[in-house]
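Pasting target-v7.txt here (compact mmCIF, C-alpha atoms and all ligand atoms):
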```txt
# COMPACT_ATOMS: atom_id res chain seq x y z
CA MET D 1 117.25 90.26 81.15
CA PRO D 2 115.55 86.90 81.50
CA GLU D 3 112.02 87.45 80.13
CA LEU D 4 108.85 85.37 80.18
CA PRO D 5 110.13 82.44 78.04
CA ASP D 6 113.47 82.25 79.93
CA VAL D 7 111.80 82.55 83.33
CA THR D 8 109.34 79.81 82.31
CA ILE D 9 112.26 77.50 81.54
CA TYR D 10 113.94 78.26 84.87
CA VAL D 11 110.64 77.65 86.71
CA GLU D 12 110.05 74.31 84.99
CA CYS D 13 113.66 73.12 85.40
CA LEU D 14 113.60 74.08 89.05
CA SER D 15 110.16 72.54 89.71
CA ARG D 16 111.33 69.17 88.48
CA ARG D 17 114.29 69.28 90.88
CA VAL D 18 113.02 70.84 94.10
CA VAL D 19 109.24 70.49 94.49
CA ALA D 20 108.43 68.19 97.42
CA HIS D 21 112.11 68.37 98.48
CA THR D 22 113.58 70.33 101.38
CA LEU D 23 115.40 73.64 101.16
CA GLU D 24 118.11 72.83 103.68
CA SER D 25 120.24 75.97 103.67
CA VAL D 26 120.33 79.52 102.33
CA SER D 27 123.64 81.32 102.07
CA ILE D 28 123.58 84.96 100.97
CA ARG D 29 126.85 86.40 99.64
CA GLY D 30 125.74 89.47 97.69
CA LEU D 31 125.65 92.54 99.94
CA ASN D 32 122.79 94.11 97.99
CA LEU D 33 120.79 91.00 97.19
CA LEU D 34 118.42 90.52 100.10
CA ARG D 35 115.82 93.30 100.23
CA THR D 36 113.78 92.17 103.24
CA PHE D 37 114.76 91.54 106.85
CA GLU D 38 111.47 90.28 108.29
CA PRO D 39 111.03 87.34 108.34
CA PRO D 40 114.78 86.62 108.61
CA VAL D 41 116.13 84.61 105.71
CA GLU D 42 117.01 81.73 108.04
CA ALA D 43 113.26 81.17 108.40
CA ALA D 44 113.29 79.68 104.89
CA GLU D 45 115.66 76.89 105.91
CA ARG D 46 114.57 73.30 106.53
CA ARG D 47 111.27 73.84 104.73
CA ARG D 48 109.67 71.70 102.07
CA VAL D 49 109.18 73.32 98.64
CA ALA D 50 105.47 73.41 97.79
CA GLY D 51 105.89 74.85 94.29
CA VAL D 52 107.89 77.04 91.93
CA GLU D 53 106.03 79.90 90.25
CA ARG D 54 106.55 82.84 87.93
CA LEU D 55 105.54 86.33 89.07
CA GLY D 56 106.14 88.63 86.09
CA LYS D 57 109.89 88.30 85.50
CA ARG D 58 110.41 86.97 89.02
CA ILE D 59 110.91 83.36 90.10
CA VAL D 60 109.13 82.32 93.28
CA LEU D 61 109.95 79.37 95.53
CA ALA D 62 106.79 78.67 97.52
CA LEU D 63 107.75 77.04 100.82
CA GLU D 64 105.65 75.27 103.41
CA GLY D 65 104.49 77.61 106.16
CA ASP D 66 103.28 80.16 103.59
CA LEU D 67 106.76 81.58 102.96
CA PHE D 68 107.86 82.78 99.52
CA LEU D 69 111.41 83.32 98.30
CA VAL D 70 111.17 85.73 95.36
CA MET D 71 114.11 86.27 92.97
CA HIS D 72 114.42 88.98 90.30
CA LEU D 73 117.45 88.37 88.09
CA MET D 74 117.33 91.85 86.45
CA ILE D 75 119.94 92.08 83.61
CA ALA D 76 122.85 89.87 84.57
CA GLY D 77 121.48 87.52 87.24
CA ARG D 78 121.38 83.84 86.29
CA LEU D 79 120.65 80.54 88.01
CA ARG D 80 122.93 77.51 88.08
CA TRP D 81 122.10 74.05 89.27
CA ALA D 82 124.44 71.32 90.44
CA ASP D 83 123.07 67.91 91.40
CA THR D 84 124.09 66.58 94.79
CA GLY D 85 127.44 64.87 94.34
CA ALA D 86 128.51 67.06 91.40
CA ARG D 87 128.23 70.26 93.37
CA ALA D 88 131.72 71.46 94.30
CA GLY D 89 133.52 70.98 90.98
CA ALA D 90 130.70 72.13 88.74
CA VAL D 91 129.91 75.31 90.63
CA SER D 92 133.43 76.60 91.23
CA ALA D 93 134.70 75.78 87.72
CA ARG D 94 131.92 77.81 86.13
CA LYS D 95 132.57 80.67 88.46
CA THR D 96 136.19 81.11 87.40
CA ARG D 97 135.61 80.64 83.69
CA THR D 98 132.79 83.15 83.25
CA GLY D 99 133.83 85.62 85.93
CA THR D 100 130.36 85.53 87.49
CA ILE D 101 130.04 85.99 91.16
CA ASP D 102 127.85 83.88 93.39
CA GLN D 103 125.25 86.05 95.08
CA ALA D 104 123.39 83.29 96.91
CA ARG D 105 123.33 79.53 97.27
CA PHE D 106 120.32 77.44 98.11
CA GLY D 107 121.08 73.90 99.27
CA PHE D 108 118.45 71.23 98.66
CA ASP D 109 118.65 67.51 99.35
CA THR D 110 118.72 67.10 95.54
CA GLY D 111 121.40 69.68 94.69
CA VAL D 112 122.57 73.27 94.96
CA LEU D 113 120.94 76.25 93.26
CA THR D 114 123.29 79.22 92.81
CA LEU D 115 122.21 82.74 91.90
CA THR D 116 125.10 84.38 90.04
CA GLU D 117 125.40 87.94 88.80
CA ALA D 118 128.09 89.10 86.38
CA GLY D 119 129.41 92.66 86.20
CA THR D 120 129.90 95.38 88.76
CA LYS D 121 126.29 96.61 88.97
CA LYS D 122 124.51 94.26 91.34
CA ARG D 123 120.81 94.65 90.64
CA ALA D 124 119.34 91.20 91.24
CA SER D 125 117.07 91.02 94.25
CA LEU D 126 115.78 88.47 96.71
CA HIS D 127 112.72 88.96 98.91
CA LEU D 128 111.44 86.57 101.57
CA MET D 129 107.73 87.21 102.03
CA GLN D 130 105.32 85.81 104.60
CA GLY D 131 101.96 85.02 102.99
CA ARG D 132 100.74 84.99 99.42
CA GLU D 133 99.13 88.40 99.74
CA ALA D 134 102.41 90.04 100.78
CA MET D 135 104.20 88.15 98.01
CA SER D 136 101.77 89.34 95.36
CA GLU D 137 102.47 92.96 96.34
CA LEU D 138 105.77 92.50 94.49
CA HIS D 139 103.82 92.15 91.26
CA ARG D 140 103.89 95.36 89.27
CA GLY D 141 100.36 94.79 87.99
CA GLY D 142 100.91 94.02 84.30
CA VAL D 143 98.47 91.69 82.54
CA ASP D 144 99.66 88.23 81.51
CA VAL D 145 99.59 88.45 77.72
CA LEU D 146 99.37 84.66 77.39
CA THR D 147 96.04 84.49 79.21
CA CYS D 148 94.42 87.94 78.86
CA SER D 149 91.65 88.74 76.35
CA PRO D 150 92.31 91.02 73.36
CA GLU D 151 90.14 93.62 75.16
CA ALA D 152 92.23 93.48 78.34
CA PHE D 153 95.36 93.74 76.19
CA ALA D 154 93.97 96.81 74.41
CA ARG D 155 93.00 98.42 77.74
CA ALA D 156 96.53 97.96 79.11
CA LEU D 157 98.03 99.27 75.88
CA ARG D 158 95.93 102.43 75.97
CA ALA D 159 96.35 103.09 79.69
CA GLU D 160 99.08 105.59 78.80
CA ASN D 161 100.10 107.16 75.50
CA ARG D 162 103.62 105.83 75.05
CA THR D 163 105.76 104.40 72.31
CA LEU D 164 104.83 100.75 71.71
CA LYS D 165 108.37 99.78 72.73
CA ARG D 166 107.90 101.40 76.13
CA SER D 167 104.35 100.12 76.66
CA LEU D 168 105.19 96.49 75.93
CA THR D 169 108.18 96.50 78.27
CA ASP D 170 106.40 98.31 81.13
CA PRO D 171 105.82 95.74 83.90
CA ARG D 172 102.92 97.86 85.19
CA LEU D 173 101.10 97.21 81.89
CA PHE D 174 102.35 93.82 80.66
CA ASP D 175 103.86 90.89 82.44
CA GLY D 176 107.29 89.47 81.63
CA ILE D 177 108.16 91.26 78.36
CA GLY D 178 111.53 93.00 78.12
CA ASN D 179 113.84 94.44 75.53
CA ALA D 180 114.45 91.29 73.47
CA TYR D 181 110.94 89.89 73.11
CA SER D 182 109.37 93.34 72.58
CA ASP D 183 111.58 93.73 69.48
CA GLU D 184 110.53 90.29 68.25
CA ILE D 185 106.82 90.90 68.98
CA LEU D 186 106.78 94.30 67.20
CA HIS D 187 108.51 92.75 64.20
CA ALA D 188 105.96 89.91 64.09
CA ALA D 189 103.13 92.49 64.32
CA ARG D 190 104.78 94.64 61.61
CA LEU D 191 104.44 97.71 63.81
CA SER D 192 106.93 100.51 64.40
CA PRO D 193 108.39 100.51 67.93
CA PHE D 194 107.97 104.30 67.92
CA LYS D 195 104.24 104.35 67.17
CA GLN D 196 102.22 105.81 70.05
CA SER D 197 100.06 103.27 71.84
CA ARG D 198 96.86 105.36 71.69
CA SER D 199 97.19 105.83 67.93
CA LEU D 200 96.66 102.11 67.27
CA SER D 201 93.45 101.02 65.54
CA GLU D 202 91.49 98.14 67.04
CA ALA D 203 92.79 95.86 64.27
CA GLU D 204 96.39 96.90 65.01
CA SER D 205 95.90 96.31 68.73
CA ASP D 206 94.43 92.84 68.04
CA SER D 207 97.32 92.07 65.73
CA LEU D 208 99.83 93.16 68.40
CA HIS D 209 98.04 90.94 70.94
CA ALA D 210 98.16 87.95 68.55
CA ALA D 211 101.85 88.62 67.78
CA SER D 212 102.63 88.77 71.52
CA VAL D 213 100.92 85.45 72.23
CA GLY D 214 102.37 83.84 69.10
CA THR D 215 105.95 85.01 69.68
CA LEU D 216 106.07 84.13 73.38
CA THR D 217 104.34 80.76 72.89
CA ARG D 218 106.65 79.81 70.03
CA TRP D 219 109.76 80.70 72.04
CA ILE D 220 108.58 78.90 75.18
CA ASP D 221 108.05 75.81 73.01
CA THR D 222 111.44 76.23 71.29
CA LEU D 223 113.25 76.58 74.63
CA ARG D 224 111.36 73.66 76.19
CA ARG D 225 112.63 71.49 73.35
CA GLU D 226 116.15 72.93 73.56
CA PHE D 227 116.39 72.10 77.27
CA GLY D 228 114.59 68.75 76.93
CA LEU D 229 111.58 69.78 79.05
CA ILE D 230 109.27 68.10 76.53
CA ASP D 231 110.06 64.99 74.55
CA GLU D 232 109.41 64.49 70.82
CA ASN D 233 105.79 63.58 71.58
CA GLY D 234 105.26 66.81 73.50
CA ARG D 235 105.16 65.06 76.91
CA PRO D 236 106.88 66.61 79.95
CA ALA D 237 110.45 65.37 80.44
CA PRO D 238 113.04 66.04 83.21
CA GLY D 239 115.18 68.28 81.00
CA ARG D 240 118.56 69.77 81.78
CA PHE D 241 119.16 72.97 83.71
CA PRO D 242 120.42 75.86 81.48
CA GLY D 243 124.21 76.19 81.65
CA PRO D 244 126.43 79.30 81.35
CA GLY D 245 125.42 81.52 78.42
CA GLU D 246 122.29 79.53 77.67
CA VAL D 247 119.83 82.03 79.10
CA THR D 248 120.54 84.97 76.84
CA ALA D 249 118.85 87.93 75.16
CA PHE D 250 120.66 87.05 71.92
CA ARG D 251 119.29 83.94 70.26
CA PRO D 252 120.34 82.89 66.74
CA GLY D 253 116.67 82.34 65.84
CA PHE D 254 115.60 85.92 66.63
CA ALA D 255 114.39 87.96 63.65
CA VAL D 256 115.60 91.43 64.68
CA HIS D 257 116.75 91.61 68.30
CA GLY D 258 120.55 91.71 68.40
CA LYS D 259 120.61 91.47 64.59
CA PHE D 260 121.77 94.99 63.62
CA GLY D 261 122.93 94.94 60.01
CA HIS D 262 121.73 91.38 59.37
CA PRO D 263 119.07 90.76 56.72
CA CYS D 264 115.48 90.57 58.01
CA PRO D 265 114.32 86.93 57.63
CA VAL D 266 111.05 88.15 56.07
CA CYS D 267 112.05 90.92 53.61
CA LEU D 268 115.90 90.81 53.67
CA ALA D 269 116.21 94.54 54.50
CA PRO D 270 119.11 95.18 56.92
CA VAL D 271 117.93 95.36 60.52
CA GLN D 272 118.32 98.81 62.09
CA ARG D 273 119.03 99.88 65.65
CA ILE D 274 118.34 102.80 67.94
CA VAL D 275 120.55 103.10 70.99
CA TYR D 276 119.11 104.85 74.03
CA ALA D 277 119.72 104.84 77.79
CA GLU D 278 121.11 101.37 78.55
CA ASN D 279 119.06 99.78 75.80
CA GLU D 280 119.05 99.09 72.11
CA CYS D 281 115.92 98.76 70.02
CA ASN D 282 116.09 96.75 66.78
CA TYR D 283 113.56 96.94 63.96
CA CYS D 284 113.20 96.14 60.26
CA PRO D 285 112.44 99.17 58.09
CA GLY D 286 110.95 96.94 55.40
CA CYS D 287 108.45 95.24 57.70
CA GLN D 288 107.83 97.90 60.35
CA THR D 289 108.38 101.48 59.18
CA GLU D 290 107.31 101.45 55.51
CA GLY D 291 110.92 101.43 54.42
CA ARG D 292 111.87 104.51 56.43
CA ILE D 293 115.14 104.47 58.32
CA LEU D 294 114.47 106.58 61.33
CA ALA D 295 116.99 109.17 62.44
CA ASP D 296 118.92 107.64 65.28
CA ARG D 297 119.60 110.74 67.33
CA SER D 298 116.07 112.15 67.56
CA LEU D 299 114.56 108.73 68.20
CA SER D 300 117.14 108.00 70.85
CA ARG D 301 115.94 111.19 72.52
CA LEU D 302 112.30 110.16 72.08
CA LEU D 303 112.86 106.74 73.60
CA LYS D 304 115.07 108.14 76.33
CA SER D 305 112.47 110.69 77.37
CA ASP D 306 109.82 107.96 77.21
CA TRP D 307 111.84 105.79 79.56
CA PRO D 308 112.14 105.58 83.35
CA ARG D 309 115.35 107.06 84.69
CA THR D 310 116.76 103.74 85.82
CA LEU D 311 116.13 100.10 85.27
CA GLU D 312 115.54 99.67 88.99
CA GLU D 313 112.76 102.22 88.75
CA ARG D 314 111.12 100.23 85.97
CA GLU D 315 111.51 96.76 87.45
CA GLY D 316 111.39 97.54 91.15
CA PRO D 317 108.60 96.46 93.45
CA ALA D 318 105.53 98.67 93.55
CA ARG D 319 104.65 99.05 97.21
CA ILE D 320 107.34 97.20 99.04
CA VAL D 321 109.38 100.19 100.23
CA ALA D 322 107.70 100.29 103.63
CA ARG D 323 108.52 96.63 104.28
CA GLY D 324 112.26 96.76 104.58
CA PRO D 325 115.47 98.42 103.53
CA GLN D 326 115.84 99.01 99.81
CA PRO D 327 119.54 99.61 99.18
CA ASP D 328 120.22 101.56 96.00
CA VAL D 329 116.63 101.38 94.83
CA PRO D 330 115.17 104.83 94.12
CA PRO D 331 111.62 105.45 95.31
CA ASP D 332 108.97 104.35 92.85
CA PRO D 333 107.26 107.34 91.21
CA THR D 334 104.01 105.48 90.52
CA PRO D 335 101.16 105.69 92.99
ZN ZN A 1 111.65 92.85 57.15
```
The structure in this file should be written as structure tokens.
Amino acid sequence: MPELPDVTIYVECLSRRVVAHTLESVSIRGLNLLRTFEPPVEAAERRRVAGVERLGKRIVLALEGDLFLVMHLMIAGRLRWADTGARAGAVSARKTRTGTIDQARFGFDTGVLTLTEAGTKKRASLHLMQGREAMSELHRGGVDVLTCSPEAFARALRAENRTLKRSLTDPRLFDGIGNAYSDEILHAARLSPFKQSRSLSEAESDSLHAASVGTLTRWIDTLRREFGLIDENGRPAPGRFPGPGEVTAFRPGFAVHGKFGHPCPVCLAPVQRIVYAENECNYCPGCQTEGRILADRSLSRLLKSDWPRTLEEREGPARIVARGPQPDVPPDPTP
């Protein structure tokens, strides 16, 4: 799932291409994609783009007239960009090679933005909201770890007694962190993913906060350089839009996430994994669990019982149900 660093890259790439340009057309192909019916999606057409923003893991196109197009890519949703002139060849060739399916196309005077989603489970969503207040109701309420104080971080962490893995990835508590970066953050903080959030000392909570900021900041910087969004002097540059496979939860530079069996870059112990629900949690026993290899089956159960029933439940909008049809999205259990 695209997390805070990936979404930041999409937002910056898109900003440089569409801000102050006109969204000329919106074409929805995915049957499940659009989750609002009022205002109608055609209302977004022929409007100037005022800005591109991040809302948790969502990407927001702010349009003139106080309209907001809000995309959540969930697990398999991705964005593609084709400059005007290159559009037809580039878009259709990628579609056949990767087997992704176009869910929506947004035509600008500068190019075409395509939202693709691979696989049979279509979970990505698109909301068109009138007004910033309505738009912000889509936010699940998590604090932005990059800007919050250590005290606000500690308060969010202790709001519920959960495993650290669950707390960090809960969008009601923290903003933009998912399965991949939570593994990396916990490794950097040298904390077990299974430790309960309320058992953390103040020093451990501060260290987890620092590891969150450090890990996310370092990866945003790494990805900005990879996609040419900053030049060698650190100045903003136009950059290139991520291509197929380039927004991924499996990066060669990760320490533990997706590295089962590989040596930990810090202590060389083989990275372990716990498989649960639709997820996998990776950790280093040397750095995080005092050398203990934790029994897979019981911890799978622990994480599973600590987890929302479905991904949609975890990522879904908080109070939006009354606003429009929500196909295949179970009601949110949180008040
Ligand atoms: Zn290690």
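Closest approach to Phe174 (chain D) among D:Arg17, D:His187, D:His257, D:Arg158 is made by D:Arg158 (distances from only C-alpha atoms).
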Residues of chain D that approach ligand ZN 1 (chain A) to 6 Å or less, counting only C-alpha atoms and all ligand atoms: could you list each one with the shortest pair of atoms and its distance in Å to one decimal, rows by chain and increasing residue number, as a Markdown table?
```
| residue | atom | partner | partner_atom | distance |
| --- | --- | --- | --- | --- |
| D:Cys264 | CA | A:ZN1 | ZN | 4.5 |
| D:Val266 | CA | A:ZN1 | ZN | 4.9 |
| D:Cys267 | CA | A:ZN1 | ZN | 4.1 |
| D:Leu268 | CA | A:ZN1 | ZN | 5.9 |
| D:Ala269 | CA | A:ZN1 | ZN | 5.5 |
| D:Cys284 | CA | A:ZN1 | ZN | 4.8 |
| D:Gly286 | CA | A:ZN1 | ZN | 4.5 |
| D:Cys287 | CA | A:ZN1 | ZN | 4.0 |
```
From the options D:Leu126, D:Val145, D:Pro265, D:Ala159, which residue's atoms come nearest to Thr217 (chain D), counting only C-alpha atoms? D:Val145
Would you kindly return, as an MDAnalysis selection string, each protein, DNA or RNA residue with an atom no farther than 10 Å from any atom of Pro39 (chain D), considering all atoms listed in the file and excluding same-chain residues fewer than 2 positions away? chainID D and resid 36:37 41:44 67 127:130
Keeping only C-alpha atoms, write the selected residues as an mmCIF file, in the frame of the given file.
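In the end it all went to selection-v3.cif:
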```
data_model
loop_
_atom_site.group_PDB
_atom_site.id
_atom_site.type_symbol
_atom_site.label_atom_id
_atom_site.label_comp_id
_atom_site.auth_asym_id
_atom_site.auth_seq_id
_atom_site.Cartn_x
_atom_site.Cartn_y
_atom_site.Cartn_z
ATOM 1 C CA THR D 36 113.780 92.170 103.240
ATOM 2 C CA PHE D 37 114.760 91.540 106.850
ATOM 3 C CA VAL D 41 116.130 84.610 105.710
ATOM 4 C CA GLU D 42 117.010 81.730 108.040
ATOM 5 C CA ALA D 43 113.260 81.170 108.400
ATOM 6 C CA ALA D 44 113.290 79.680 104.890
ATOM 7 C CA LEU D 67 106.760 81.580 102.960
ATOM 8 C CA HIS D 127 112.720 88.960 98.910
ATOM 9 C CA LEU D 128 111.440 86.570 101.570
ATOM 10 C CA MET D 129 107.730 87.210 102.030
ATOM 11 C CA GLN D 130 105.320 85.810 104.600
#
```
Non-local contacts of Lys165 (chain D) (10 Å; only C-alpha atoms; under 3 positions in same chain excluded) as number ranges by chain: D: 162, 168-170, 178-179, 182-183, 185-186, 191-197, 281, 303, 306-307
If we count all atoms listed in the file and set the cut-off at 10 Å, which residues sit around Val70 (chain D), ignoring sequence neighbours fewer than 3 positions away in its own chain? Please answer as number ranges by chain. D: 34, 52-55, 58-62, 67, 73, 125-129, 135, 138
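Reported to one decimal place, the separation of CA of Pro5 (chain D) from CA of Asn282 (chain D) is 19.2 Å.
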What does the distance from CA of Pro252 (chain D) to CA of Ala237 (chain D) come to in Å, to one decimal?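 CA of Ala237 (chain D) lies at a distance of 24.3 Å from CA of Pro252 (chain D).
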Length of the CA of Phe241 (chain D) to CA of Ile9 (chain D) vector [Å]: 8.5 Å
Identify which of the residues D:Pro238, D:Arg47, D:Val271, D:His209 lies closest to Arg16 (chain D), counting only C-alpha atoms when measuring atom-to-atom distances. D:Pro238
Ranking D:Val7, D:Glu12, D:Glu151, D:Asp206 by minimum distance to Ile230 (chain D) and counting all atoms listed in the file, which one comes first? D:Glu12
Do a neighbour search on Asp6 (chain D) at 12 Å with all atoms listed in the file, toss out local chain neighbours closer than 2 positions, and write the hits as a ChimeraX atom specification. /D:1-4,8-13,54,56-59,73,78-79,176-178,180-181,216-217,219-224,226-227,241-242,246-251
Which residue, D:His21, D:Arg190, D:His139, D:Lys121, has the smallest gap to Leu164 (chain D) when you use only C-alpha atoms? D:Arg190
Nearest to Thr163 (chain D), chosen from D:Asn233, D:Gln288, D:Ser15, D:Ser305, with all atoms listed in the file counted in the distances: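 Nearest to Thr163 (chain D): D:Ser305.
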Could you give me the axis-aligned bounding box of region 282-290 of chain D, with 3 Å of padding per side, as centre plus edge lengths in Å to one decimal, as lines of an AutoDock Vina configuration file?
```
center_x = 111.7
center_y = 98.4
center_z = 61.1
size_x = 14.8
size_y = 12.2
size_z = 17.4
```
Using only C-alpha atoms, which residues sit within 9 Å of Ala76 (chain D) once same-chain residues fewer than 4 positions away are excluded, as a PyMOL selection string? chain D and resi 1-2+116-119+121-124
Show me the residues close to (122.0, 62.3, 98.9) - anything with an atom within 10 Å, counting all atoms listed in the file - and format the list as a short mmCIF file (atom, residue, chain, number, x, y, z; two decimals) with C-alpha atoms, in the frame of the given file.
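What landed in point34.cif:
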```
data_model
loop_
_atom_site.label_atom_id
_atom_site.label_comp_id
_atom_site.auth_asym_id
_atom_site.auth_seq_id
_atom_site.Cartn_x
_atom_site.Cartn_y
_atom_site.Cartn_z
CA ASP D 83 123.07 67.91 91.40
CA THR D 84 124.09 66.58 94.79
CA GLY D 85 127.44 64.87 94.34
CA PHE D 108 118.45 71.23 98.66
CA ASP D 109 118.65 67.51 99.35
CA THR D 110 118.72 67.10 95.54
CA GLY D 111 121.40 69.68 94.69
#
```
